[in-house]
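J.: Encoded as structure tokens, here's the structure I'll be asking about.
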Amino acid sequence: MAGKTAHTPIRSCKSCRKKLSKNELQRWVLENNEPVLDEKQNMSARGVYVCGEDCYNNIKSQMPRMLTRRRV
């Protein structure tokens with residue numbers, strides 16, 4: 001299988017819904033009920049992806065509600 005390229009994960013910005021590769025987006029997680037940037041994108045927590053500062057500012061007040069797990 002020569003010429004096969006590696007798979008690039010695609011994620012959506014939680015604010016503007018723009019689809020970009022995972023590496024182009026910032027991943028934010030909650031740590032002690034505060035949003036923290038997951039620079040390596042490997043923290044073991046529920047996260048949201050945003051494409052930049054404007055989109056982060058649009059959703060930062062809603063982030064705790066987005067990232068807390070709901071029990072059914």
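Each chain of the structure tokens is named A, B, ... in the order shown, its residues numbered from 1; ligands are numbered from 1 in display order.
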Could you list, as a list in words, every residue within 6 Å of Cys13 in chain A, counting only C-alpha atoms and ignoring same-chain residues fewer than 6 positions away?
T.: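 Returned residues: Tyr49, Val50 and Cys51 of chain A.
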J.: Could you give me the residues within chain A that DSSP places in helix (DSSP H, G or I), as a list in words?
T.: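 Taking chain A and keeping helix (DSSP H, G or I) only, one gets Lys22, Asn23, Glu24, Glu53, Asp54, Cys55, Tyr56, Asn57, Asn58, Ile59, Met63, Pro64, Arg65, Met66 and Leu67 of chain A.
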J.: Write to file, as an mmCIF file, in the first residue's frame, the residues of the selection just made, with N, CA and C atoms.
T.:
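Output below, filename selection_29.cif:
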data_model
loop_
_atom_site.group_PDB
_atom_site.id
_atom_site.type_symbol
_atom_site.label_atom_id
_atom_site.label_comp_id
_atom_site.auth_asym_id
_atom_site.auth_seq_id
_atom_site.Cartn_x
_atom_site.Cartn_y
_atom_site.Cartn_z
ATOM 1 N N LYS A 22 -7.374 18.573 14.155
ATOM 2 C CA LYS A 22 -7.235 18.626 15.613
ATOM 3 C C LYS A 22 -6.054 19.504 16.036
ATOM 4 N N ASN A 23 -4.984 19.481 15.271
ATOM 5 C CA ASN A 23 -3.781 20.240 15.621
ATOM 6 C C ASN A 23 -3.942 21.748 15.452
ATOM 7 N N GLU A 24 -4.932 22.177 14.683
ATOM 8 C CA GLU A 24 -5.160 23.601 14.457
ATOM 9 C C GLU A 24 -6.054 24.237 15.518
ATOM 10 N N GLU A 53 -8.906 32.841 20.189
ATOM 11 C CA GLU A 53 -9.266 33.627 21.362
ATOM 12 C C GLU A 53 -10.695 34.162 21.292
ATOM 13 N N ASP A 54 -11.121 34.619 20.130
ATOM 14 C CA ASP A 54 -12.492 35.134 19.995
ATOM 15 C C ASP A 54 -13.519 34.048 20.308
ATOM 16 N N CYS A 55 -13.307 32.868 19.762
ATOM 17 C CA CYS A 55 -14.244 31.773 20.018
ATOM 18 C C CYS A 55 -14.185 31.335 21.482
ATOM 19 N N TYR A 56 -12.999 31.331 22.071
ATOM 20 C CA TYR A 56 -12.878 30.992 23.493
ATOM 21 C C TYR A 56 -13.658 31.992 24.344
ATOM 22 N N ASN A 57 -13.518 33.279 24.048
ATOM 23 C CA ASN A 57 -14.233 34.309 24.810
ATOM 24 C C ASN A 57 -15.743 34.173 24.658
ATOM 25 N N ASN A 58 -16.209 33.690 23.506
ATOM 26 C CA ASN A 58 -17.647 33.490 23.284
ATOM 27 C C ASN A 58 -18.233 32.387 24.169
ATOM 28 N N ILE A 59 -17.445 31.364 24.495
ATOM 29 C CA ILE A 59 -18.007 30.224 25.219
ATOM 30 C C ILE A 59 -17.456 30.036 26.630
ATOM 31 N N MET A 63 -18.545 27.150 29.561
ATOM 32 C CA MET A 63 -17.678 25.980 29.570
ATOM 33 C C MET A 63 -17.926 25.027 30.745
ATOM 34 N N PRO A 64 -18.106 25.499 31.974
ATOM 35 C CA PRO A 64 -18.364 24.527 33.052
ATOM 36 C C PRO A 64 -19.610 23.679 32.790
ATOM 37 N N ARG A 65 -20.640 24.269 32.228
ATOM 38 C CA ARG A 65 -21.862 23.522 31.929
ATOM 39 C C ARG A 65 -21.613 22.526 30.792
ATOM 40 N N MET A 66 -20.800 22.907 29.810
ATOM 41 C CA MET A 66 -20.508 22.018 28.676
ATOM 42 C C MET A 66 -19.684 20.813 29.098
ATOM 43 N N LEU A 67 -18.801 21.019 30.053
ATOM 44 C CA LEU A 67 -17.822 19.988 30.372
ATOM 45 C C LEU A 67 -18.170 19.125 31.576
#
J.: Find the residues near Val29 in chain A: any atom within 8 Å, counting only C-alpha atoms, skip ones fewer than 3 places away on the same chain, and give them as a compact mmCIF listing (two decimals) with C-alpha atoms, in the first residue's frame.
T.:
# COMPACT_ATOMS: atom_id res chain seq x y z
CA PRO A 35 -10.93 26.12 32.26
CA VAL A 36 -7.36 25.02 31.49
CA LEU A 37 -5.67 24.90 28.10
CA ASP A 38 -4.63 21.34 27.27
CA MET A 43 -5.36 15.27 29.47
CA ALA A 45 -10.86 14.88 30.93
CA ARG A 46 -13.80 15.89 28.80
CA GLY A 47 -12.70 18.77 26.55
CA VAL A 48 -13.93 21.30 24.02
CA LEU A 67 -17.82 19.99 30.37
J.: Could you tell me, as a list in words, which residues of chain A DSSP assigns to strand (DSSP E) when given the backbone?
T.: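 So, restricting chain A to strand (DSSP E), we get Ile10, Arg11, Ser12, Lys19, Leu20, Ser21, Gln26, Arg27, Trp28, Val29, Leu30, Glu31, Glu34, Pro35, Val36, Leu37, Gly47, Val48, Tyr49 and Val50 of chain A.
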J.: Please, could you write that set of residues out with N, CA and C atoms as a PDB file, in the first residue's frame?
T.:
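After the write, selection39.pdb holds the following:
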ATOM      1  N   ILE A  10     -10.306  15.277  12.458  1.00  0.00           N
ATOM      2  CA  ILE A  10     -10.999  16.542  12.234  1.00  0.00           C
ATOM      3  C   ILE A  10     -11.911  16.801  13.429  1.00  0.00           C
ATOM      4  N   ARG A  11     -11.867  18.021  13.954  1.00  0.00           N
ATOM      5  CA  ARG A  11     -12.717  18.426  15.071  1.00  0.00           C
ATOM      6  C   ARG A  11     -13.433  19.719  14.692  1.00  0.00           C
ATOM      7  N   SER A  12     -14.505  20.031  15.424  1.00  0.00           N
ATOM      8  CA  SER A  12     -15.274  21.253  15.186  1.00  0.00           C
ATOM      9  C   SER A  12     -15.071  22.223  16.339  1.00  0.00           C
ATOM     10  N   LYS A  19     -14.835  23.403  10.959  1.00  0.00           N
ATOM     11  CA  LYS A  19     -14.146  22.118  11.029  1.00  0.00           C
ATOM     12  C   LYS A  19     -12.692  22.295  10.601  1.00  0.00           C
ATOM     13  N   LEU A  20     -11.791  21.912  11.493  1.00  0.00           N
ATOM     14  CA  LEU A  20     -10.357  22.012  11.249  1.00  0.00           C
ATOM     15  C   LEU A  20      -9.688  20.745  11.764  1.00  0.00           C
ATOM     16  N   SER A  21      -8.424  20.571  11.396  1.00  0.00           N
ATOM     17  CA  SER A  21      -7.703  19.429  11.938  1.00  0.00           C
ATOM     18  C   SER A  21      -7.490  19.659  13.432  1.00  0.00           C
ATOM     19  N   GLN A  26      -7.472  24.649  19.691  1.00  0.00           N
ATOM     20  CA  GLN A  26      -7.064  24.601  21.091  1.00  0.00           C
ATOM     21  C   GLN A  26      -8.059  23.721  21.840  1.00  0.00           C
ATOM     22  N   ARG A  27      -7.564  22.878  22.730  1.00  0.00           N
ATOM     23  CA  ARG A  27      -8.440  22.025  23.530  1.00  0.00           C
ATOM     24  C   ARG A  27      -8.441  22.550  24.964  1.00  0.00           C
ATOM     25  N   TRP A  28      -9.635  22.756  25.500  1.00  0.00           N
ATOM     26  CA  TRP A  28      -9.812  23.264  26.859  1.00  0.00           C
ATOM     27  C   TRP A  28     -10.516  22.207  27.690  1.00  0.00           C
ATOM     28  N   VAL A  29     -10.053  22.019  28.921  1.00  0.00           N
ATOM     29  CA  VAL A  29     -10.664  21.081  29.862  1.00  0.00           C
ATOM     30  C   VAL A  29     -10.900  21.810  31.180  1.00  0.00           C
ATOM     31  N   LEU A  30     -11.730  21.223  32.036  1.00  0.00           N
ATOM     32  CA  LEU A  30     -11.955  21.782  33.368  1.00  0.00           C
ATOM     33  C   LEU A  30     -11.037  21.091  34.361  1.00  0.00           C
ATOM     34  N   GLU A  31     -10.358  21.894  35.169  1.00  0.00           N
ATOM     35  CA  GLU A  31      -9.534  21.377  36.249  1.00  0.00           C
ATOM     36  C   GLU A  31      -9.843  22.218  37.478  1.00  0.00           C
ATOM     37  N   GLU A  34     -12.154  25.143  36.784  1.00  0.00           N
ATOM     38  CA  GLU A  34     -11.603  26.269  36.028  1.00  0.00           C
ATOM     39  C   GLU A  34     -11.138  25.764  34.666  1.00  0.00           C
ATOM     40  N   PRO A  35     -11.410  26.522  33.589  1.00  0.00           N
ATOM     41  CA  PRO A  35     -10.931  26.118  32.260  1.00  0.00           C
ATOM     42  C   PRO A  35      -9.400  26.176  32.178  1.00  0.00           C
ATOM     43  N   VAL A  36      -8.806  25.120  31.644  1.00  0.00           N
ATOM     44  CA  VAL A  36      -7.356  25.021  31.493  1.00  0.00           C
ATOM     45  C   VAL A  36      -7.057  24.602  30.066  1.00  0.00           C
ATOM     46  N   LEU A  37      -6.076  25.266  29.451  1.00  0.00           N
ATOM     47  CA  LEU A  37      -5.670  24.900  28.099  1.00  0.00           C
ATOM     48  C   LEU A  37      -4.878  23.599  28.143  1.00  0.00           C
ATOM     49  N   GLY A  47     -13.218  17.498  27.045  1.00  0.00           N
ATOM     50  CA  GLY A  47     -12.703  18.769  26.551  1.00  0.00           C
ATOM     51  C   GLY A  47     -13.536  19.351  25.425  1.00  0.00           C
ATOM     52  N   VAL A  48     -13.311  20.632  25.168  1.00  0.00           N
ATOM     53  CA  VAL A  48     -13.929  21.297  24.022  1.00  0.00           C
ATOM     54  C   VAL A  48     -12.813  21.895  23.176  1.00  0.00           C
ATOM     55  N   TYR A  49     -13.051  21.959  21.888  1.00  0.00           N
ATOM     56  CA  TYR A  49     -12.097  22.525  20.950  1.00  0.00           C
ATOM     57  C   TYR A  49     -12.600  23.876  20.478  1.00  0.00           C
ATOM     58  N   VAL A  50     -11.702  24.867  20.442  1.00  0.00           N
ATOM     59  CA  VAL A  50     -12.028  26.189  19.910  1.00  0.00           C
ATOM     60  C   VAL A  50     -10.894  26.616  18.981  1.00  0.00           C
TER      61      VAL A  50
END
J.: Work out how far CA of Lys40 in chain A is from CA of Pro9 in chain A, in Å to one decimal.
T.: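 Going from CA of Pro9 in chain A over to CA of Lys40 in chain A, I get 14.7 Å.
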